[in-house]
Amino acid sequence: MTTNSLEPRQVTVLVVDDSDDQRQLMRAHFQRAGCDVLLAGTGEEGVAKARIYGPQLAIVDLLLPGISGWQVAAQLRTDVPNCAIAISSVLDAGEYPAADARLPKPVTGDQIRRMLAQLVPEWKAR
């Protein structure tokens with residue numbers, strides 16, 4: 001089977017959150033939006049997966065075991081500079097580190113689609 005180079009590339013999203021419920025909720029929203037989804041329950045796991053897979057977008061919770069979401073965001077900026085970063089947290093948005101987007105919890109499918117349209121040019125709404 002040959003691949004047409006004009007076909008849109010599947011967008012890969014990395015979700016770094018220590019809550020299994022939040023990871024699964026975001027997975028469902030991003031999969032419905034047509035994305036491939038990688039999940040990580042710790043900051044270290046998220047950074048490792050980002051280095052291997054080079055996602056177009058990373059959703060980072062701030063309160064993580066091990067390295068914090070602040071540290072994850074900084075490391076992703078260095079290791080995967082083309083990856084857009086969105087912070088998703090229950091903390092006040094004024095406490096978020098610099099990022100490409102803020103995604104306060106609870107997250108909705110509409111918020112995710114708007115964020116994808118804004119941050120990931122190769123994503124096409126389905």
# chains A, B, ... in the order shown; residues from 1 in each chain; ligands from 1

call {"tool": "closest_atom_pairs", "arguments": {"of": "region 50-94 of chain A", "to": "region 101-106 of chain A", "cutoff": "7 Å", "atoms": "only C-alpha atoms", "output": "JSON lines"}}
result
{"residue": "A:Ile85", "atom": "CA", "partner": "A:Ala101", "partner_atom": "CA", "distance": 6.6}
{"residue": "A:Ala86", "atom": "CA", "partner": "A:Ala101", "partner_atom": "CA", "distance": 4.5}
{"residue": "A:Ile87", "atom": "CA", "partner": "A:Arg102", "partner_atom": "CA", "distance": 5.0}
{"residue": "A:Ser88", "atom": "CA", "partner": "A:Leu103", "partner_atom": "CA", "distance": 4.6}
{"residue": "A:Ser89", "atom": "CA", "partner": "A:Pro104", "partner_atom": "CA", "distance": 5.4}
{"residue": "A:Val90", "atom": "CA", "partner": "A:Lys105", "partner_atom": "CA", "distance": 5.5}

call {"tool": "write_last_selection", "arguments": {"atoms": "C-alpha atoms", "output": "PDB file, in the first residue's frame"}}
result
ATOM      1  CA  ILE A  85       2.449  22.568  25.586  1.00  0.00           C
ATOM      2  CA  ALA A  86      -0.870  23.001  27.361  1.00  0.00           C
ATOM      3  CA  ILE A  87      -1.110  23.084  31.131  1.00  0.00           C
ATOM      4  CA  SER A  88      -4.117  21.342  32.656  1.00  0.00           C
ATOM      5  CA  SER A  89      -4.597  21.699  36.373  1.00  0.00           C
ATOM      6  CA  VAL A  90      -7.028  22.384  39.172  1.00  0.00           C
TER       7      VAL A  90
END

call {"tool": "residues_around", "arguments": {"residues": "Gly66 (chain A)", "least_positions_apart": "6", "cutoff": "9 Å", "atoms": "only C-alpha atoms", "output": "list in words"}}
result
Thr42, Gly43 and Glu44 of chain A

call {"tool": "write_last_selection", "arguments": {"atoms": "C-alpha atoms", "output": "mmCIF file, in the first residue's frame"}}
result
data_model
loop_
_atom_site.group_PDB
_atom_site.id
_atom_site.type_symbol
_atom_site.label_atom_id
_atom_site.label_comp_id
_atom_site.auth_asym_id
_atom_site.auth_seq_id
_atom_site.Cartn_x
_atom_site.Cartn_y
_atom_site.Cartn_z
ATOM 1 C CA THR A 42 4.511 10.593 35.964
ATOM 2 C CA GLY A 43 6.609 13.477 34.740
ATOM 3 C CA GLU A 44 9.584 11.223 34.088
#

call {"tool": "closest_residue", "arguments": {"among": "A:Leu14, A:Cys83, A:Val120, A:Val47", "to": "Ser68 (chain A)", "atoms": "only C-alpha atoms"}}
result
A:Val47

call {"tool": "select_by_dssp", "arguments": {"residues": "chain A", "states": "strand (DSSP E)", "output": "VMD selection string"}}
result
chain A and resid 12 to 16 36 to 40 57 to 60 84 to 87 101 to 102

call {"tool": "residues_around", "arguments": {"residues": "Gly109 (chain A)", "least_positions_apart": "2", "cutoff": "9 Å", "atoms": "only C-alpha atoms", "output": "PDB file with C-alpha atoms, in the first residue's frame"}}
result
ATOM      1  CA  MET A  26      -8.549  13.190  27.939  1.00  0.00           C
ATOM      2  CA  ALA A  28     -11.393   9.764  24.970  1.00  0.00           C
ATOM      3  CA  HIS A  29     -11.701  13.459  24.021  1.00  0.00           C
ATOM      4  CA  PHE A  30      -8.532  13.441  21.897  1.00  0.00           C
ATOM      5  CA  ARG A  32     -12.807  11.485  19.300  1.00  0.00           C
ATOM      6  CA  ALA A  33     -10.967  14.436  17.747  1.00  0.00           C
ATOM      7  CA  VAL A 107     -11.819  19.636  30.475  1.00  0.00           C
ATOM      8  CA  GLN A 111     -12.080  23.085  24.668  1.00  0.00           C
ATOM      9  CA  ILE A 112      -9.857  20.354  23.253  1.00  0.00           C
ATOM     10  CA  ARG A 113     -11.026  20.905  19.669  1.00  0.00           C
ATOM     11  CA  ARG A 114     -10.491  24.680  19.950  1.00  0.00           C
TER      12      ARG A 114
END

call {"tool": "closest_residue", "arguments": {"among": "A:Ala50, A:Val13, A:Ala58, A:Ala99", "to": "Val37 (chain A)", "atoms": "only C-alpha atoms"}}
result
A:Val13

call {"tool": "closest_residue", "arguments": {"among": "A:Gln24, A:Asp17, A:Tyr53, A:Ala98", "to": "Gly41 (chain A)", "atoms": "only C-alpha atoms"}}
result
A:Asp17

call {"tool": "select_by_dssp", "arguments": {"residues": "chain A", "states": "alpha helix (DSSP H)", "output": "mmCIF file with C-alpha atoms, in the first residue's frame"}}
result
data_model
loop_
_atom_site.group_PDB
_atom_site.id
_atom_site.type_symbol
_atom_site.label_atom_id
_atom_site.label_comp_id
_atom_site.auth_asym_id
_atom_site.auth_seq_id
_atom_site.Cartn_x
_atom_site.Cartn_y
_atom_site.Cartn_z
ATOM 1 C CA ASP A 20 -5.990 7.607 35.790
ATOM 2 C CA ASP A 21 -9.504 9.065 35.465
ATOM 3 C CA GLN A 22 -8.162 12.309 33.960
ATOM 4 C CA ARG A 23 -5.848 10.439 31.574
ATOM 5 C CA GLN A 24 -8.721 8.269 30.347
ATOM 6 C CA LEU A 25 -11.086 11.235 29.988
ATOM 7 C CA MET A 26 -8.549 13.190 27.939
ATOM 8 C CA ARG A 27 -7.721 10.095 25.887
ATOM 9 C CA ALA A 28 -11.393 9.764 24.970
ATOM 10 C CA HIS A 29 -11.701 13.459 24.021
ATOM 11 C CA PHE A 30 -8.532 13.441 21.897
ATOM 12 C CA GLN A 31 -9.354 10.133 20.220
ATOM 13 C CA ARG A 32 -12.807 11.485 19.300
ATOM 14 C CA GLY A 43 6.609 13.477 34.740
ATOM 15 C CA GLU A 44 9.584 11.223 34.088
ATOM 16 C CA GLU A 45 7.470 8.883 31.963
ATOM 17 C CA GLY A 46 6.038 11.848 30.051
ATOM 18 C CA VAL A 47 9.459 13.299 29.246
ATOM 19 C CA ALA A 48 10.733 9.869 28.131
ATOM 20 C CA LYS A 49 7.732 9.302 25.827
ATOM 21 C CA ALA A 50 8.021 12.804 24.383
ATOM 22 C CA ARG A 51 11.676 12.196 23.514
ATOM 23 C CA ILE A 52 10.818 8.922 21.769
ATOM 24 C CA TYR A 53 7.594 9.854 19.957
ATOM 25 C CA GLY A 69 4.588 19.665 35.802
ATOM 26 C CA TRP A 70 6.644 22.866 35.855
ATOM 27 C CA GLN A 71 9.786 20.775 35.370
ATOM 28 C CA VAL A 72 8.131 18.628 32.700
ATOM 29 C CA ALA A 73 7.096 21.714 30.709
ATOM 30 C CA ALA A 74 10.621 23.150 30.897
ATOM 31 C CA GLN A 75 12.186 19.836 29.850
ATOM 32 C CA LEU A 76 9.790 19.437 26.919
ATOM 33 C CA ARG A 77 10.679 22.941 25.687
ATOM 34 C CA THR A 78 14.304 21.809 25.518
ATOM 35 C CA ASP A 79 13.882 18.225 24.306
ATOM 36 C CA GLY A 109 -14.331 18.143 24.220
ATOM 37 C CA ASP A 110 -15.083 21.618 22.816
ATOM 38 C CA GLN A 111 -12.080 23.085 24.668
ATOM 39 C CA ILE A 112 -9.857 20.354 23.253
ATOM 40 C CA ARG A 113 -11.026 20.905 19.669
ATOM 41 C CA ARG A 114 -10.491 24.680 19.950
ATOM 42 C CA MET A 115 -7.018 24.116 21.373
ATOM 43 C CA LEU A 116 -6.094 21.652 18.621
ATOM 44 C CA ALA A 117 -7.293 24.101 15.948
ATOM 45 C CA GLN A 118 -5.222 26.882 17.518
ATOM 46 C CA LEU A 119 -1.997 25.011 18.335
#

call {"tool": "atom_distance", "arguments": {"atom1": "CA of Gln56 (chain A)", "atom2": "CA of Asn82 (chain A)"}}
result
6.8 Å

call {"tool": "atom_distance", "arguments": {"atom1": "CA of Ala93 (chain A)", "atom2": "CA of Lys124 (chain A)"}}
result
27.7 Å

call {"tool": "atom_distance", "arguments": {"atom1": "CA of Ser19 (chain A)", "atom2": "CA of Leu57 (chain A)"}}
result
18.9 Å

call {"tool": "closest_residue", "arguments": {"among": "A:Val11, A:Val16, A:Leu38, A:Ala84", "to": "Leu64 (chain A)", "atoms": "only C-alpha atoms"}}
result
A:Val16

call {"tool": "closest_residue", "arguments": {"among": "A:Val15, A:Gln10, A:Leu63, A:Pro55", "to": "Cys35 (chain A)", "atoms": "only C-alpha atoms"}}
result
A:Gln10
